[in-house]
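A.B. asks: Following this line is work.pdb, made up of PDB, N, CA and C atoms:
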```
MODEL        1
ATOM      1  N   MET A   1      13.041  86.529 147.645
ATOM      2  CA  MET A   1      13.357  85.504 146.693
ATOM      3  C   MET A   1      14.653  85.829 145.958
ATOM      4  N   LYS A   2      14.790  87.118 145.554
ATOM      5  CA  LYS A   2      16.009  87.551 144.887
ATOM      6  C   LYS A   2      17.223  87.327 145.786
ATOM      7  N   ARG A   3      17.046  87.631 147.060
ATOM      8  CA  ARG A   3      18.140  87.508 148.021
ATOM      9  C   ARG A   3      18.615  86.044 148.119
ATOM     10  N   ILE A   4      17.689  85.110 148.160
ATOM     11  CA  ILE A   4      18.034  83.689 148.231
ATOM     12  C   ILE A   4      18.737  83.255 146.949
ATOM     13  N   PHE A   5      18.209  83.693 145.815
ATOM     14  CA  PHE A   5      18.797  83.343 144.535
ATOM     15  C   PHE A   5      20.240  83.865 144.429
ATOM     16  N   LEU A   6      20.458  85.137 144.796
ATOM     17  CA  LEU A   6      21.796  85.716 144.743
ATOM     18  C   LEU A   6      22.748  85.022 145.731
ATOM     19  N   SER A   7      22.252  84.669 146.890
ATOM     20  CA  SER A   7      23.073  83.944 147.865
ATOM     21  C   SER A   7      23.480  82.581 147.322
ATOM     22  N   LEU A   8      22.534  81.909 146.679
ATOM     23  CA  LEU A   8      22.807  80.602 146.100
ATOM     24  C   LEU A   8      23.859  80.703 144.993
ATOM     25  N   ILE A   9      23.743  81.687 144.128
ATOM     26  CA  ILE A   9      24.726  81.891 143.052
ATOM     27  C   ILE A   9      26.103  82.210 143.646
ATOM     28  N   GLY A  10      26.138  83.049 144.657
ATOM     29  CA  GLY A  10      27.404  83.380 145.311
ATOM     30  C   GLY A  10      28.056  82.155 145.932
ATOM     31  N   PHE A  11      27.273  81.320 146.573
ATOM     32  CA  PHE A  11      27.789  80.105 147.200
ATOM     33  C   PHE A  11      28.351  79.143 146.156
ATOM     34  N   VAL A  12      27.606  78.955 145.062
ATOM     35  CA  VAL A  12      28.059  78.057 143.996
ATOM     36  C   VAL A  12      29.351  78.576 143.375
ATOM     37  N   THR A  13      29.453  79.863 143.135
ATOM     38  CA  THR A  13      30.663  80.458 142.564
ATOM     39  C   THR A  13      31.844  80.278 143.512
ATOM     40  N   LEU A  14      31.643  80.570 144.778
ATOM     41  CA  LEU A  14      32.708  80.430 145.767
ATOM     42  C   LEU A  14      33.159  78.980 145.873
ATOM     43  N   PHE A  15      32.236  78.064 145.911
ATOM     44  CA  PHE A  15      32.557  76.648 145.990
ATOM     45  C   PHE A  15      33.335  76.203 144.752
ATOM     46  N   GLY A  16      32.928  76.677 143.580
ATOM     47  CA  GLY A  16      33.626  76.333 142.334
ATOM     48  C   GLY A  16      35.054  76.832 142.323
ATOM     49  N   LEU A  17      35.313  78.011 142.849
ATOM     50  CA  LEU A  17      36.667  78.555 142.903
ATOM     51  C   LEU A  17      37.548  77.784 143.885
ATOM     52  N   MET A  18      36.967  77.322 144.963
ATOM     53  CA  MET A  18      37.739  76.582 145.954
ATOM     54  C   MET A  18      38.050  75.171 145.473
ATOM     55  N   ALA A  19      37.189  74.562 144.696
ATOM     56  CA  ALA A  19      37.379  73.183 144.251
ATOM     57  C   ALA A  19      38.405  73.079 143.127
ATOM     58  N   ALA A  20      38.571  74.093 142.314
ATOM     59  CA  ALA A  20      39.473  74.030 141.164
ATOM     60  C   ALA A  20      40.928  73.777 141.567
ATOM     61  N   PRO A  21      41.511  74.486 142.546
ATOM     62  CA  PRO A  21      42.906  74.218 142.889
ATOM     63  C   PRO A  21      43.132  72.810 143.427
ATOM     64  N   VAL A  22      42.167  72.227 144.087
ATOM     65  CA  VAL A  22      42.306  70.871 144.610
ATOM     66  C   VAL A  22      42.488  69.895 143.462
ATOM     67  N   GLN A  23      41.723  70.057 142.401
ATOM     68  CA  GLN A  23      41.840  69.171 141.257
ATOM     69  C   GLN A  23      43.193  69.329 140.581
ATOM     70  N   SER A  24      43.732  70.529 140.498
ATOM     71  CA  SER A  24      45.031  70.772 139.876
ATOM     72  C   SER A  24      46.136  70.067 140.633
ATOM     73  N   ARG A  25      46.115  70.143 141.957
ATOM     74  CA  ARG A  25      47.153  69.493 142.764
ATOM     75  C   ARG A  25      47.126  67.987 142.585
ATOM     76  N   VAL A  26      45.969  67.399 142.459
ATOM     77  CA  VAL A  26      45.867  65.956 142.272
ATOM     78  C   VAL A  26      46.487  65.562 140.942
ATOM     79  N   GLN A  27      46.232  66.313 139.895
ATOM     80  CA  GLN A  27      46.804  66.010 138.592
ATOM     81  C   GLN A  27      48.311  66.137 138.603
ATOM     82  N   GLN A  28      48.854  67.158 139.251
ATOM     83  CA  GLN A  28      50.297  67.340 139.318
ATOM     84  C   GLN A  28      50.950  66.190 140.052
ATOM     85  N   THR A  29      50.352  65.713 141.110
ATOM     86  CA  THR A  29      50.902  64.589 141.856
ATOM     87  C   THR A  29      50.946  63.346 140.987
ATOM     88  N   ASP A  30      49.894  63.081 140.232
ATOM     89  CA  ASP A  30      49.858  61.910 139.366
ATOM     90  C   ASP A  30      50.956  61.975 138.308
ATOM     91  N   ILE A  31      51.181  63.136 137.734
ATOM     92  CA  ILE A  31      52.206  63.296 136.708
ATOM     93  C   ILE A  31      53.584  63.050 137.285
ATOM     94  N   SER A  32      53.889  63.621 138.441
ATOM     95  CA  SER A  32      55.221  63.468 139.020
ATOM     96  C   SER A  32      55.488  62.033 139.447
ATOM     97  N   GLN A  33      54.469  61.285 139.814
ATOM     98  CA  GLN A  33      54.668  59.898 140.207
ATOM     99  C   GLN A  33      54.951  59.009 139.007
ATOM    100  N   THR A  34      54.501  59.383 137.828
ATOM    101  CA  THR A  34      54.720  58.558 136.654
ATOM    102  C   THR A  34      56.060  58.831 135.985
ATOM    103  N   GLN A  35      56.703  59.948 136.289
ATOM    104  CA  GLN A  35      57.996  60.247 135.687
ATOM    105  C   GLN A  35      59.072  59.389 136.334
ATOM    106  N   ALA A  36      59.895  58.758 135.518
ATOM    107  CA  ALA A  36      60.932  57.864 136.019
ATOM    108  C   ALA A  36      62.141  58.661 136.520
ATOM    109  N   GLN A  37      62.705  58.183 137.601
ATOM    110  CA  GLN A  37      63.932  58.780 138.121
ATOM    111  C   GLN A  37      65.101  58.265 137.278
ATOM    112  N   PRO A  38      66.117  59.119 137.017
ATOM    113  CA  PRO A  38      67.259  58.648 136.237
ATOM    114  C   PRO A  38      68.020  57.570 137.012
ATOM    115  N   GLU A  39      68.553  56.615 136.271
ATOM    116  CA  GLU A  39      69.301  55.534 136.895
ATOM    117  C   GLU A  39      70.726  55.976 137.181
ATOM    118  N   ALA A  40      71.299  55.409 138.247
ATOM    119  CA  ALA A  40      72.679  55.721 138.617
ATOM    120  C   ALA A  40      73.631  55.148 137.568
ATOM    121  N   GLU A  41      74.699  55.891 137.325
ATOM    122  CA  GLU A  41      75.741  55.470 136.390
ATOM    123  C   GLU A  41      77.067  55.492 137.123
ATOM    124  N   THR A  42      78.071  54.864 136.523
ATOM    125  CA  THR A  42      79.422  54.888 137.083
ATOM    126  C   THR A  42      80.304  55.734 136.172
ATOM    127  N   PHE A  43      81.025  56.665 136.772
ATOM    128  CA  PHE A  43      81.938  57.550 136.053
ATOM    129  C   PHE A  43      83.339  57.352 136.633
ATOM    130  N   MET A  44      84.355  57.387 135.782
ATOM    131  CA  MET A  44      85.722  57.233 136.262
ATOM    132  C   MET A  44      86.549  58.426 135.811
ATOM    133  N   GLY A  45      87.474  58.845 136.679
ATOM    134  CA  GLY A  45      88.329  59.968 136.344
ATOM    135  C   GLY A  45      89.075  60.455 137.572
ATOM    136  N   THR A  46      89.560  61.681 137.492
ATOM    137  CA  THR A  46      90.315  62.297 138.573
ATOM    138  C   THR A  46      89.526  63.476 139.126
ATOM    139  N   ILE A  47      89.452  63.568 140.441
ATOM    140  CA  ILE A  47      88.739  64.691 141.066
ATOM    141  C   ILE A  47      89.696  65.870 141.189
ATOM    142  N   LEU A  48      89.260  67.016 140.684
ATOM    143  CA  LEU A  48      90.044  68.246 140.718
ATOM    144  C   LEU A  48      89.222  69.363 141.345
ATOM    145  N   LYS A  49      89.916  70.327 141.945
ATOM    146  CA  LYS A  49      89.258  71.507 142.506
ATOM    147  C   LYS A  49      89.135  72.537 141.386
ATOM    148  N   ASP A  50      87.953  73.106 141.227
ATOM    149  CA  ASP A  50      87.712  74.119 140.203
ATOM    150  C   ASP A  50      86.974  75.274 140.868
ATOM    151  N   GLY A  51      87.721  76.234 141.401
ATOM    152  CA  GLY A  51      87.110  77.334 142.142
ATOM    153  C   GLY A  51      86.526  76.810 143.437
ATOM    154  N   GLU A  52      85.235  77.005 143.626
ATOM    155  CA  GLU A  52      84.543  76.521 144.819
ATOM    156  C   GLU A  52      84.049  75.089 144.662
ATOM    157  N   ASN A  53      84.081  74.569 143.451
ATOM    158  CA  ASN A  53      83.507  73.255 143.157
ATOM    159  C   ASN A  53      84.586  72.202 142.947
ATOM    160  N   TYR A  54      84.151  70.962 143.008
ATOM    161  CA  TYR A  54      85.002  69.843 142.625
ATOM    162  C   TYR A  54      84.443  69.277 141.336
ATOM    163  N   VAL A  55      85.347  68.868 140.452
ATOM    164  CA  VAL A  55      84.930  68.305 139.175
ATOM    165  C   VAL A  55      85.579  66.943 138.992
ATOM    166  N   LEU A  56      84.930  66.108 138.214
ATOM    167  CA  LEU A  56      85.496  64.826 137.815
ATOM    168  C   LEU A  56      85.991  64.999 136.398
ATOM    169  N   SER A  57      87.281  64.841 136.202
ATOM    170  CA  SER A  57      87.886  64.995 134.887
ATOM    171  C   SER A  57      88.180  63.610 134.329
ATOM    172  N   ASP A  58      87.584  63.301 133.189
ATOM    173  CA  ASP A  58      87.785  62.013 132.527
ATOM    174  C   ASP A  58      88.665  62.246 131.312
ATOM    175  N   SER A  59      89.958  61.893 131.424
ATOM    176  CA  SER A  59      90.905  62.158 130.344
ATOM    177  C   SER A  59      90.638  61.286 129.119
ATOM    178  N   ALA A  60      90.041  60.125 129.294
ATOM    179  CA  ALA A  60      89.749  59.235 128.163
ATOM    180  C   ALA A  60      88.726  59.860 127.217
ATOM    181  N   THR A  61      87.707  60.504 127.773
ATOM    182  CA  THR A  61      86.674  61.118 126.933
ATOM    183  C   THR A  61      86.811  62.642 126.864
ATOM    184  N   LYS A  62      87.802  63.166 127.576
ATOM    185  CA  LYS A  62      88.037  64.619 127.656
ATOM    186  C   LYS A  62      86.786  65.346 128.166
ATOM    187  N   SER A  63      86.130  64.735 129.155
ATOM    188  CA  SER A  63      84.914  65.305 129.740
ATOM    189  C   SER A  63      85.187  65.773 131.160
ATOM    190  N   ARG A  64      84.442  66.794 131.569
ATOM    191  CA  ARG A  64      84.501  67.278 132.957
ATOM    192  C   ARG A  64      83.081  67.415 133.473
ATOM    193  N   TYR A  65      82.858  66.880 134.664
ATOM    194  CA  TYR A  65      81.543  66.930 135.285
ATOM    195  C   TYR A  65      81.675  67.598 136.651
ATOM    196  N   THR A  66      80.799  68.528 136.953
ATOM    197  CA  THR A  66      80.770  69.135 138.283
ATOM    198  C   THR A  66      80.126  68.141 139.241
ATOM    199  N   LEU A  67      80.723  67.995 140.431
ATOM    200  CA  LEU A  67      80.192  67.095 141.448
ATOM    201  C   LEU A  67      79.355  67.914 142.427
ATOM    202  N   ASP A  68      78.166  67.439 142.762
ATOM    203  CA  ASP A  68      77.261  68.225 143.601
ATOM    204  C   ASP A  68      77.538  68.097 145.096
ATOM    205  N   ASP A  69      78.438  67.225 145.511
ATOM    206  CA  ASP A  69      78.691  67.007 146.937
ATOM    207  C   ASP A  69      80.177  67.213 147.244
ATOM    208  N   ALA A  70      80.538  68.450 147.570
ATOM    209  CA  ALA A  70      81.940  68.788 147.847
ATOM    210  C   ALA A  70      82.458  68.039 149.067
ATOM    211  N   LYS A  71      81.603  67.795 150.025
ATOM    212  CA  LYS A  71      82.013  67.102 151.252
ATOM    213  C   LYS A  71      82.503  65.682 150.937
ATOM    214  N   LYS A  72      81.814  64.989 150.033
ATOM    215  CA  LYS A  72      82.242  63.649 149.640
ATOM    216  C   LYS A  72      83.469  63.697 148.738
ATOM    217  N   ALA A  73      83.578  64.724 147.903
ATOM    218  CA  ALA A  73      84.652  64.801 146.916
ATOM    219  C   ALA A  73      85.982  65.274 147.504
ATOM    220  N   ARG A  74      85.954  66.132 148.503
ATOM    221  CA  ARG A  74      87.158  66.754 149.062
ATOM    222  C   ARG A  74      88.273  65.759 149.409
ATOM    223  N   PRO A  75      87.996  64.642 150.094
ATOM    224  CA  PRO A  75      89.077  63.717 150.453
ATOM    225  C   PRO A  75      89.750  63.041 149.252
ATOM    226  N   TYR A  76      89.135  63.103 148.100
ATOM    227  CA  TYR A  76      89.665  62.417 146.924
ATOM    228  C   TYR A  76      90.322  63.373 145.926
ATOM    229  N   GLU A  77      90.531  64.619 146.308
ATOM    230  CA  GLU A  77      91.113  65.601 145.386
ATOM    231  C   GLU A  77      92.464  65.112 144.872
ATOM    232  N   GLY A  78      92.624  65.114 143.545
ATOM    233  CA  GLY A  78      93.866  64.689 142.902
ATOM    234  C   GLY A  78      93.987  63.185 142.718
ATOM    235  N   LYS A  79      92.977  62.423 143.127
ATOM    236  CA  LYS A  79      93.035  60.964 143.041
ATOM    237  C   LYS A  79      92.146  60.453 141.908
ATOM    238  N   SER A  80      92.541  59.288 141.388
ATOM    239  CA  SER A  80      91.709  58.597 140.403
ATOM    240  C   SER A  80      90.623  57.844 141.154
ATOM    241  N   VAL A  81      89.377  58.060 140.722
ATOM    242  CA  VAL A  81      88.238  57.514 141.453
ATOM    243  C   VAL A  81      87.183  56.945 140.528
ATOM    244  N   LYS A  82      86.258  56.229 141.161
ATOM    245  CA  LYS A  82      85.046  55.758 140.500
ATOM    246  C   LYS A  82      83.894  56.415 141.242
ATOM    247  N   VAL A  83      83.071  57.189 140.518
ATOM    248  CA  VAL A  83      81.934  57.908 141.113
ATOM    249  C   VAL A  83      80.646  57.255 140.632
ATOM    250  N   ASN A  84      79.791  56.934 141.583
ATOM    251  CA  ASN A  84      78.477  56.396 141.253
ATOM    252  C   ASN A  84      77.456  57.497 141.530
ATOM    253  N   GLY A  85      76.630  57.800 140.541
ATOM    254  CA  GLY A  85      75.628  58.849 140.714
ATOM    255  C   GLY A  85      74.806  59.024 139.460
ATOM    256  N   THR A  86      73.946  60.044 139.488
ATOM    257  CA  THR A  86      73.096  60.332 138.334
ATOM    258  C   THR A  86      73.562  61.634 137.680
ATOM    259  N   LEU A  87      73.581  61.635 136.374
ATOM    260  CA  LEU A  87      74.046  62.797 135.611
ATOM    261  C   LEU A  87      72.865  63.649 135.186
ATOM    262  N   ASP A  88      72.924  64.933 135.538
ATOM    263  CA  ASP A  88      71.968  65.915 135.031
ATOM    264  C   ASP A  88      72.585  66.468 133.748
ATOM    265  N   LYS A  89      72.126  65.984 132.621
ATOM    266  CA  LYS A  89      72.733  66.329 131.333
ATOM    267  C   LYS A  89      72.592  67.810 131.002
ATOM    268  N   ALA A  90      71.529  68.442 131.469
ATOM    269  CA  ALA A  90      71.301  69.857 131.174
ATOM    270  C   ALA A  90      72.369  70.737 131.822
ATOM    271  N   SER A  91      72.792  70.406 133.043
ATOM    272  CA  SER A  91      73.767  71.234 133.755
ATOM    273  C   SER A  91      75.134  70.574 133.865
ATOM    274  N   ASN A  92      75.283  69.346 133.363
ATOM    275  CA  ASN A  92      76.543  68.592 133.415
ATOM    276  C   ASN A  92      77.017  68.377 134.857
ATOM    277  N   VAL A  93      76.061  68.102 135.754
ATOM    278  CA  VAL A  93      76.353  67.884 137.173
ATOM    279  C   VAL A  93      76.049  66.434 137.517
ATOM    280  N   ILE A  94      76.993  65.804 138.230
ATOM    281  CA  ILE A  94      76.761  64.460 138.748
ATOM    282  C   ILE A  94      76.243  64.602 140.166
ATOM    283  N   HIS A  95      75.085  63.999 140.438
ATOM    284  CA  HIS A  95      74.536  63.943 141.786
ATOM    285  C   HIS A  95      75.145  62.701 142.437
ATOM    286  N   VAL A  96      76.151  62.922 143.264
ATOM    287  CA  VAL A  96      77.007  61.866 143.794
ATOM    288  C   VAL A  96      76.264  60.991 144.789
ATOM    289  N   GLN A  97      76.391  59.683 144.604
ATOM    290  CA  GLN A  97      75.918  58.717 145.598
ATOM    291  C   GLN A  97      77.113  58.160 146.375
ATOM    292  N   THR A  98      78.125  57.682 145.647
ATOM    293  CA  THR A  98      79.339  57.155 146.298
ATOM    294  C   THR A  98      80.565  57.527 145.484
ATOM    295  N   ILE A  99      81.714  57.578 146.174
ATOM    296  CA  ILE A  99      83.014  57.780 145.533
ATOM    297  C   ILE A  99      83.957  56.734 146.108
ATOM    298  N   GLN A 100      84.720  56.067 145.202
ATOM    299  CA  GLN A 100      85.685  55.059 145.628
ATOM    300  C   GLN A 100      87.011  55.274 144.928
ATOM    301  N   ASP A 101      88.109  55.042 145.662
ATOM    302  CA  ASP A 101      89.445  55.075 145.050
ATOM    303  C   ASP A 101      89.565  53.979 144.003
ATOM    304  N   ILE A 102      90.298  54.264 142.948
ATOM    305  CA  ILE A 102      90.662  53.228 141.985
ATOM    306  C   ILE A 102      92.081  52.810 142.349
ATOM    307  N   VAL A 103      92.246  51.545 142.656
ATOM    308  CA  VAL A 103      93.555  51.058 143.105
ATOM    309  C   VAL A 103      94.327  50.495 141.947
TER     310      VAL A 103
ENDMDL
END
```
Would you kindly transcribe this structure into structure tokens?
C.D. replies:
Amino acid sequence: MKRIFLSLIGFVTLFGLMAAPVQSRVQQTDISQTQAQPEAETFMGTILKDGENYVLSDSATKSRYTLDDAKKARPYEGKSVKVNGTLDKASNVIHVQTIQDIV
């Protein structure tokens, strides 16, 4: 009888430990789905090379933003452009969607 009781307690404990992480993952998924993605903005300025990175320099506001896509930025180095993307305010990085020449 003791053996059955101990086996039952062990099974319940093991099952409880396995079920807890499943519930945590479900909650995390729900939270991430409710968080809104930042909206794209338009930035204007001149693309400059800064070490290994490219930056958008806006002389009107005296701001500089690091561009996250060097491949897209490289052809526009030294040119006045319009960049469409989302700004990560914490790191001052623009996640580039498109770059266009300003004519």
A.B. asks: Calculated over all atoms listed in the file, which of the candidates A:Asn92, A:Ser63, A:Gly85, A:Gly78 has the smallest distance to Leu48 of chain A?
C.D. replies: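 Looking at the shortest contact to Leu48 of chain A, the residue is A:Gly78.
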A.B. asks: Given the file above and the PyMOL selection byres ((chain A and resi 45) around 6), which residues are selected, and can you give them as a short mmCIF file (atom, residue, chain, number, x, y, z; two decimals) with N, CA and C atoms, in the coordinates of the input?
C.D. replies:
```cif
data_model
loop_
_atom_site.label_atom_id
_atom_site.label_comp_id
_atom_site.auth_asym_id
_atom_site.auth_seq_id
_atom_site.Cartn_x
_atom_site.Cartn_y
_atom_site.Cartn_z
N PHE A 43 81.03 56.66 136.77
CA PHE A 43 81.94 57.55 136.05
C PHE A 43 83.34 57.35 136.63
N MET A 44 84.36 57.39 135.78
CA MET A 44 85.72 57.23 136.26
C MET A 44 86.55 58.43 135.81
N THR A 46 89.56 61.68 137.49
CA THR A 46 90.32 62.30 138.57
C THR A 46 89.53 63.48 139.13
N ILE A 47 89.45 63.57 140.44
CA ILE A 47 88.74 64.69 141.07
C ILE A 47 89.70 65.87 141.19
N LEU A 56 84.93 66.11 138.21
CA LEU A 56 85.50 64.83 137.82
C LEU A 56 85.99 65.00 136.40
N SER A 57 87.28 64.84 136.20
CA SER A 57 87.89 65.00 134.89
C SER A 57 88.18 63.61 134.33
N ASP A 58 87.58 63.30 133.19
CA ASP A 58 87.78 62.01 132.53
C ASP A 58 88.66 62.25 131.31
N SER A 59 89.96 61.89 131.42
CA SER A 59 90.90 62.16 130.34
C SER A 59 90.64 61.29 129.12
N LYS A 79 92.98 62.42 143.13
CA LYS A 79 93.04 60.96 143.04
C LYS A 79 92.15 60.45 141.91
N SER A 80 92.54 59.29 141.39
CA SER A 80 91.71 58.60 140.40
C SER A 80 90.62 57.84 141.15
N VAL A 81 89.38 58.06 140.72
CA VAL A 81 88.24 57.51 141.45
C VAL A 81 87.18 56.94 140.53
N LYS A 82 86.26 56.23 141.16
CA LYS A 82 85.05 55.76 140.50
C LYS A 82 83.89 56.42 141.24
#
```
A.B. asks: Can you tell me, as a PyMOL selection string, what residues are no more than 6.5 Å from Asn84 of chain A when counting only N, CA and C atoms, ignoring any on the same chain fewer than 3 positions away?
C.D. replies: chain A and resi 40-43+95-100
A.B. asks: Quick one: distance from atom CA of Val55 of chain A to atom CA of Leu67 of chain A in Å, one decimal?
C.D. replies: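 Computed distance, atom CA of Val55 of chain A to atom CA of Leu67 of chain A, equals 5.4 Å.
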A.B. asks: Which value, in Å to one decimal, gives the distance between atom N of Ala60 of chain A and atom N of Gln37 of chain A?
C.D. replies: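 Separation of atom N of Ala60 of chain A and atom N of Gln37 of chain A: 28.6 Å.
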A.B. asks: Using atom C of Ala90 of chain A and atom CA of Lys62 of chain A as the two end points, give the distance in Å to one decimal.
C.D. replies: 17.3 Å
A.B. asks: Taking only C-alpha atoms into account, name the residue in A:Ile9, A:Ile94, A:Gly51, A:Met1 that is nearest to Arg64 of chain A.
C.D. replies: A:Ile94
A.B. asks: Which residue, A:Val93, A:Val103, A:Ala70, A:Leu87, has the smallest gap to Glu52 of chain A when you use all atoms listed in the file?
C.D. replies: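 The answer is A:Ala70, which sits nearest to Glu52 of chain A.
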A.B. asks: Point out the residue among A:Thr66, A:Ser7, A:Thr86, A:Ser91 with the least atom-to-atom distance to Tyr54 of chain A, counting all atoms listed in the file.
C.D. replies: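 Going through A:Thr66, A:Ser7, A:Thr86, A:Ser91 one by one, the smallest distance to Tyr54 of chain A is for A:Thr66.
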